[in-house]
Amino acid sequence: MTSSAIEATGLAKTFRRRGGWALRDCTFQLPAGRVCALVGPNGAGKSTLLALAAGLIAPSEGSVTVLGGHPAHVRPRVGFVSQDKPLHPQLTVAETLRMGADLNPDSWDAATAERVVAGGELDLGARVRSLSGGQRTRVALALALAKRPELLLLDEPMAALDPLARHELMGTLMATAAQYGTTIVMSSHVMAELEDSCDHLLLIGDGRVRLSGDTDDLLAAHALITGPARGAAAPADFDLAPHTTVESRVTGRQVTALVRPEGPLPAGWQTRELSLEDLVLAHLRNPAAPPLTLGALPASASPQEATSASAMSQETTA
Amino acid sequence: MIEYRIDRRSGVATYVQIVQQTKQALRMGLLEPGDKLPAAREVVEATAVNPNTVLKAYRELEREGLVEARRGLGTFVRRSLGAAPADSPLRGELAEWAARARAAGLERDDVAALFAAVLDEHFDSTAKEQENR
């Protein structure tokens with residue numbers, strides 16, 4: 001049994017036509033069983049990273065290991081829904097599901113496929129080309145879920161869905177994770193959409209890893225603090241060393257700063273509640289903030305089981 | 001069976017909301033010793049929250065001795081909380097009082113403020129203790 005669902009080392013991808021790096025020097029480890037939010041601005045490299053993990057494109061540099069193997073060799077155990085939800089437009093919904101069953105004879109879960117499709121009251125006889133974007137998403141997710149993969153890679157899965165379908169299908173994804181321990185990676189721009197559903201975060205910007213780790217650990221490693229400005233006019237006048245400052249702002253007589261504390265915080269500063277969205281936005285606004293990767297096992301470590309249960313016991317004692 | 005409602009704007013951590021709603025149900029007698037809590041899978045399917053969040057809430061309830069996990073069977077209520085089930089005489093008296101307050105022209109917020117003030121006079125703030133932990 002492997003402890004990592006995805007392990008990337010120095011992973012990089014450059015597209016000759018576009019020029020420049022779509023992804024650069026990405027090193028991170030995603031433990032098995034996590035529900036990971038893949039977040040970053042447009043063009044950050046999210047889709048490239050997912051396509052590399054799905055084995056659809058090859059890295060220019062570095063390597064990525066998926067479920068302990070080469071991405072191209074573990075495809076039967078991976079479900080991938082790309083951003084454009086590619087389906088055969090001339091097939092009906094029923095024919096599409098039959099195709100899924102034929103292509104995945106060992107693992108096909110027909111009941112799941114039918115339940116996901118039925119949730120949208122889709123006409124099984126309707127051709128895929130006549131479906132709306134949200135309905136196509138539903139069919140694509142039905143295919144991916146019914147394959148019963150160990151790893152689900154979802155590129156913007158919720159983008160085309162109405163709020164009701166979004167809640168329902170996110171619930172279905174969470175139930176799948178709860179029941180089968182499926183590792184899920186979903187990309188999105190909308191952090192609020194993922195905040196309650198994900199327990200792991202991979203933030204990439206400009207092709208590089210900015211934040212990587214379990215969300216509780218990442219939140220615990222940061223503090224949002226406010227204190228008196230004491231005449232300082234600009235954040236630059238402020239030195240919060242030895243703490244690492246991700247972002248600081250002066251408003252009137254007050255300074256607000258997002259820091260990674262190194263030891264006790266300065267006296268007279270107040271700590272405020274920090275959400276995952278605050279954390280992500282602060283890092284997106286400040287591309288120069290140093291990256292932070294938490295919880296990565298060294299490559300030589302024995303394959304110990306990094307279960308969420310053990311991670312949770314750490315949280316409760318913290 | 002209890003149904004959890006997650007309020008994403010409340011500012012209260014999701015697992016704490018699950019703990020609080022379970023305790024509320026125990027206080028109101030909606031959950032009794034021997035009752036089964038919904039399986040994590042059912043909760044996450046209905047609420048779309050991460051499974052670990054539900055497990056964390058259940059572990060917290062277990063740590064407080066309110067529920068116990070039985071391997072392969074689920075999580076069951078061990079003991080009840082408080083002494084005021086939904087149909088107790090105290091509840092009836094409070095309902096009468098609320099009706100009088102309404103008849104006297106008090107708004108919902110007035111009643112809530114009054115009740116909270118009296119509560120603070122008679123009890124230590126347990127909510128604060130929970131936050132500090």
# chains A, B, ... in the order shown; residues from 1 in each chain; ligands from 1
>>> closest_atom_pairs(of="chain B", to="chain A", cutoff="9 Å", atoms="only C-alpha atoms", output="tab-separated table")
residue	atom	partner	partner_atom	distance
B:Arg8	CA	A:Asp196	CA	8.2
B:Gly11	CA	A:Glu273	CA	8.5
B:Thr14	CA	A:Asp196	CA	7.5
B:Ala40	CA	A:Ala178	CA	6.9
B:Arg41	CA	A:Ala175	CA	4.9
B:Glu42	CA	A:Ala175	CA	7.0
B:Val43	CA	A:Ala175	CA	8.3
B:Val44	CA	A:Met174	CA	5.7
B:Glu45	CA	A:Gly171	CA	3.9
B:Ala46	CA	A:Gly171	CA	5.9
B:Thr47	CA	A:Gly171	CA	6.2
B:Ala48	CA	A:Gly171	CA	3.9
B:Val49	CA	A:Ser197	CA	4.5
B:Asn50	CA	A:Ser197	CA	4.3
B:Pro51	CA	A:Ala178	CA	5.6
B:Asn52	CA	A:Ser308	CA	7.2
B:Thr53	CA	A:Asp196	CA	8.4
B:Leu55	CA	A:Ala309	CA	8.7
B:Lys56	CA	A:Met312	CA	7.0
B:Glu60	CA	A:Thr316	CA	8.4
>>> write_last_selection(atoms="N, CA and C atoms", output="compact mmCIF listing (two decimals), in the first residue's frame")
# COMPACT_ATOMS: atom_id res chain seq x y z
N ARG B 8 -22.36 28.17 6.87
CA ARG B 8 -20.99 28.53 6.48
C ARG B 8 -20.62 29.94 6.87
N GLY B 11 -19.13 31.60 11.19
CA GLY B 11 -17.82 31.84 11.80
C GLY B 11 -17.45 30.76 12.81
N THR B 14 -16.85 24.17 11.42
CA THR B 14 -17.89 23.21 11.03
C THR B 14 -17.99 22.06 12.02
N ALA B 40 -20.94 8.79 9.02
CA ALA B 40 -20.22 9.92 8.42
C ALA B 40 -20.59 10.07 6.95
N ARG B 41 -20.73 8.92 6.28
CA ARG B 41 -21.07 8.97 4.86
C ARG B 41 -22.39 9.69 4.61
N GLU B 42 -23.38 9.41 5.48
CA GLU B 42 -24.68 10.06 5.31
C GLU B 42 -24.60 11.56 5.57
N VAL B 43 -23.83 11.93 6.61
CA VAL B 43 -23.71 13.35 6.94
C VAL B 43 -23.03 14.11 5.80
N VAL B 44 -21.94 13.55 5.27
CA VAL B 44 -21.21 14.30 4.24
C VAL B 44 -21.99 14.33 2.92
N GLU B 45 -22.78 13.31 2.68
CA GLU B 45 -23.59 13.32 1.46
C GLU B 45 -24.63 14.44 1.52
N ALA B 46 -25.17 14.67 2.71
CA ALA B 46 -26.21 15.69 2.86
C ALA B 46 -25.63 17.09 3.00
N THR B 47 -24.44 17.21 3.58
CA THR B 47 -23.91 18.54 3.89
C THR B 47 -22.75 18.96 2.98
N ALA B 48 -22.15 18.01 2.27
CA ALA B 48 -20.99 18.28 1.39
C ALA B 48 -19.77 18.74 2.17
N VAL B 49 -19.69 18.42 3.46
CA VAL B 49 -18.47 18.74 4.19
C VAL B 49 -17.52 17.55 4.14
N ASN B 50 -16.27 17.82 4.44
CA ASN B 50 -15.24 16.77 4.37
C ASN B 50 -15.50 15.69 5.42
N PRO B 51 -15.32 14.42 5.05
CA PRO B 51 -15.57 13.33 6.02
C PRO B 51 -14.77 13.46 7.33
N ASN B 52 -13.53 13.95 7.23
CA ASN B 52 -12.72 14.09 8.44
C ASN B 52 -13.32 15.07 9.44
N THR B 53 -14.06 16.06 8.91
CA THR B 53 -14.70 17.04 9.78
C THR B 53 -15.74 16.36 10.66
N LEU B 55 -15.85 13.10 11.38
CA LEU B 55 -15.16 12.17 12.29
C LEU B 55 -14.56 12.93 13.47
N LYS B 56 -14.03 14.11 13.18
CA LYS B 56 -13.44 14.93 14.25
C LYS B 56 -14.51 15.32 15.27
N GLU B 60 -14.72 14.15 19.20
CA GLU B 60 -14.87 15.13 20.30
C GLU B 60 -16.02 14.70 21.23
>>> residues_around(residues="Val19 in chain B", least_positions_apart="2", cutoff="9 Å", atoms="only C-alpha atoms", output="PyMOL selection string")
chain B and resi 14-17+21-24+57-58+60-61
>>> write_last_selection(atoms="all heavy atoms", output="mmCIF file, in the first residue's frame")
data_model
loop_
_atom_site.group_PDB
_atom_site.id
_atom_site.type_symbol
_atom_site.label_atom_id
_atom_site.label_comp_id
_atom_site.auth_asym_id
_atom_site.auth_seq_id
_atom_site.Cartn_x
_atom_site.Cartn_y
_atom_site.Cartn_z
ATOM 1 N N THR B 14 -16.849 24.167 11.418
ATOM 2 C CA THR B 14 -17.888 23.214 11.034
ATOM 3 C C THR B 14 -17.994 22.056 12.020
ATOM 4 O O THR B 14 -19.096 21.649 12.394
ATOM 5 C CB THR B 14 -17.595 22.681 9.619
ATOM 6 O OG1 THR B 14 -17.475 23.806 8.744
ATOM 7 C CG2 THR B 14 -18.705 21.784 9.129
ATOM 8 N N TYR B 15 -16.845 21.554 12.485
ATOM 9 C CA TYR B 15 -16.929 20.407 13.396
ATOM 10 C C TYR B 15 -17.555 20.822 14.739
ATOM 11 O O TYR B 15 -18.277 20.055 15.351
ATOM 12 C CB TYR B 15 -15.557 19.742 13.567
ATOM 13 C CG TYR B 15 -14.712 20.252 14.704
ATOM 14 C CD1 TYR B 15 -14.739 19.627 15.942
ATOM 15 C CD2 TYR B 15 -13.892 21.361 14.545
ATOM 16 C CE1 TYR B 15 -13.968 20.087 16.980
ATOM 17 C CE2 TYR B 15 -13.119 21.825 15.575
ATOM 18 C CZ TYR B 15 -13.154 21.188 16.797
ATOM 19 O OH TYR B 15 -12.408 21.661 17.833
ATOM 20 N N VAL B 16 -17.318 22.082 15.134
ATOM 21 C CA VAL B 16 -17.931 22.583 16.367
ATOM 22 C C VAL B 16 -19.446 22.687 16.194
ATOM 23 O O VAL B 16 -20.211 22.386 17.114
ATOM 24 C CB VAL B 16 -17.327 23.952 16.767
ATOM 25 C CG1 VAL B 16 -18.040 24.517 17.988
ATOM 26 C CG2 VAL B 16 -15.829 23.815 17.022
ATOM 27 N N GLN B 17 -19.890 23.085 14.992
ATOM 28 C CA GLN B 17 -21.334 23.149 14.737
ATOM 29 C C GLN B 17 -21.973 21.767 14.900
ATOM 30 O O GLN B 17 -23.065 21.642 15.459
ATOM 31 C CB GLN B 17 -21.601 23.669 13.320
ATOM 32 C CG GLN B 17 -21.238 25.136 13.128
ATOM 33 C CD GLN B 17 -21.708 25.662 11.773
ATOM 34 O OE1 GLN B 17 -22.826 25.384 11.339
ATOM 35 N NE2 GLN B 17 -20.855 26.420 11.105
ATOM 36 N N GLN B 21 -24.743 20.949 17.678
ATOM 37 C CA GLN B 21 -26.088 20.498 17.292
ATOM 38 C C GLN B 21 -26.414 19.140 17.914
ATOM 39 O O GLN B 21 -27.561 18.875 18.265
ATOM 40 C CB GLN B 21 -26.206 20.462 15.765
ATOM 41 C CG GLN B 21 -26.282 21.863 15.171
ATOM 42 C CD GLN B 21 -26.244 21.867 13.656
ATOM 43 O OE1 GLN B 21 -26.674 20.926 13.000
ATOM 44 N NE2 GLN B 21 -25.713 22.937 13.094
ATOM 45 N N THR B 22 -25.396 18.303 18.061
ATOM 46 C CA THR B 22 -25.621 17.015 18.711
ATOM 47 C C THR B 22 -25.980 17.224 20.181
ATOM 48 O O THR B 22 -26.918 16.618 20.706
ATOM 49 C CB THR B 22 -24.368 16.126 18.609
ATOM 50 O OG1 THR B 22 -23.937 16.083 17.251
ATOM 51 C CG2 THR B 22 -24.643 14.710 19.097
ATOM 52 N N LYS B 23 -25.235 18.124 20.842
ATOM 53 C CA LYS B 23 -25.510 18.400 22.256
ATOM 54 C C LYS B 23 -26.901 19.001 22.431
ATOM 55 O O LYS B 23 -27.607 18.680 23.388
ATOM 56 C CB LYS B 23 -24.455 19.351 22.816
ATOM 57 C CG LYS B 23 -23.103 18.697 23.012
ATOM 58 C CD LYS B 23 -22.153 19.688 23.629
ATOM 59 C CE LYS B 23 -20.826 19.018 23.939
ATOM 60 N NZ LYS B 23 -19.841 20.012 24.397
ATOM 61 N N GLN B 24 -27.250 19.887 21.498
ATOM 62 C CA GLN B 24 -28.579 20.490 21.549
ATOM 63 C C GLN B 24 -29.655 19.401 21.464
ATOM 64 O O GLN B 24 -30.623 19.397 22.226
ATOM 65 C CB GLN B 24 -28.717 21.488 20.391
ATOM 66 C CG GLN B 24 -30.069 22.153 20.267
ATOM 67 C CD GLN B 24 -30.304 23.211 21.346
ATOM 68 O OE1 GLN B 24 -29.426 23.444 22.170
ATOM 69 N NE2 GLN B 24 -31.481 23.804 21.351
ATOM 70 N N ALA B 57 -15.696 15.683 14.780
ATOM 71 C CA ALA B 57 -16.794 16.046 15.678
ATOM 72 C C ALA B 57 -17.202 14.835 16.526
ATOM 73 O O ALA B 57 -17.406 14.947 17.741
ATOM 74 C CB ALA B 57 -17.987 16.562 14.875
ATOM 75 N N TYR B 58 -17.306 13.668 15.896
ATOM 76 C CA TYR B 58 -17.715 12.463 16.620
ATOM 77 C C TYR B 58 -16.675 12.084 17.666
ATOM 78 O O TYR B 58 -17.010 11.611 18.751
ATOM 79 C CB TYR B 58 -17.951 11.306 15.644
ATOM 80 C CG TYR B 58 -19.282 11.393 14.889
ATOM 81 C CD1 TYR B 58 -20.041 12.556 14.915
ATOM 82 C CD2 TYR B 58 -19.774 10.314 14.173
ATOM 83 C CE1 TYR B 58 -21.245 12.639 14.231
ATOM 84 C CE2 TYR B 58 -20.989 10.385 13.488
ATOM 85 C CZ TYR B 58 -21.715 11.551 13.522
ATOM 86 O OH TYR B 58 -22.902 11.630 12.851
ATOM 87 N N GLU B 60 -14.724 14.154 19.204
ATOM 88 C CA GLU B 60 -14.869 15.127 20.303
ATOM 89 C C GLU B 60 -16.024 14.703 21.227
ATOM 90 O O GLU B 60 -15.891 14.718 22.446
ATOM 91 C CB GLU B 60 -15.120 16.519 19.701
ATOM 92 C CG GLU B 60 -15.430 17.605 20.712
ATOM 93 C CD GLU B 60 -14.236 17.951 21.594
ATOM 94 O OE1 GLU B 60 -13.094 17.667 21.182
ATOM 95 O OE2 GLU B 60 -14.456 18.487 22.700
ATOM 96 N N LEU B 61 -17.132 14.299 20.628
ATOM 97 C CA LEU B 61 -18.284 13.852 21.426
ATOM 98 C C LEU B 61 -17.928 12.591 22.218
ATOM 99 O O LEU B 61 -18.369 12.410 23.362
ATOM 100 C CB LEU B 61 -19.482 13.577 20.512
ATOM 101 C CG LEU B 61 -20.130 14.808 19.877
ATOM 102 C CD1 LEU B 61 -21.016 14.412 18.705
ATOM 103 C CD2 LEU B 61 -20.946 15.586 20.917
#
>>> closest_residue(among="A:Arg115, A:Leu38, A:Trp269, A:Leu276", to="Asp216 in chain A", atoms="only C-alpha atoms")
A:Leu276
>>> residues_around(residues="Arg98 in chain A", least_positions_apart="4", cutoff="10 Å", atoms="only C-alpha atoms", output="number ranges by chain")
A: 92-94, 102-104, 108, 110, 113, 143
>>> write_last_selection(atoms="C-alpha atoms", output="PDB file, in the first residue's frame")
ATOM      1  CA  THR A  92     -27.070   9.351 -25.856  1.00  0.00           C
ATOM      2  CA  VAL A  93     -26.691   9.482 -22.075  1.00  0.00           C
ATOM      3  CA  ALA A  94     -27.553   5.772 -21.840  1.00  0.00           C
ATOM      4  CA  ASP A 102     -17.583  -1.582 -21.484  1.00  0.00           C
ATOM      5  CA  LEU A 103     -14.353   0.372 -20.989  1.00  0.00           C
ATOM      6  CA  ASN A 104     -14.160  -0.435 -17.259  1.00  0.00           C
ATOM      7  CA  TRP A 108     -17.873  -0.430 -13.165  1.00  0.00           C
ATOM      8  CA  ALA A 110     -23.667   0.872 -12.597  1.00  0.00           C
ATOM      9  CA  ALA A 113     -23.629   5.983 -12.558  1.00  0.00           C
ATOM     10  CA  LEU A 143     -18.525   8.164 -15.664  1.00  0.00           C
TER      11      LEU A 143
END
>>> select_by_dssp(residues="chain B", states="alpha helix (DSSP H)", output="ChimeraX atom specification")
/B:14-27,40-47,51-63,89-103,108-122,126-132
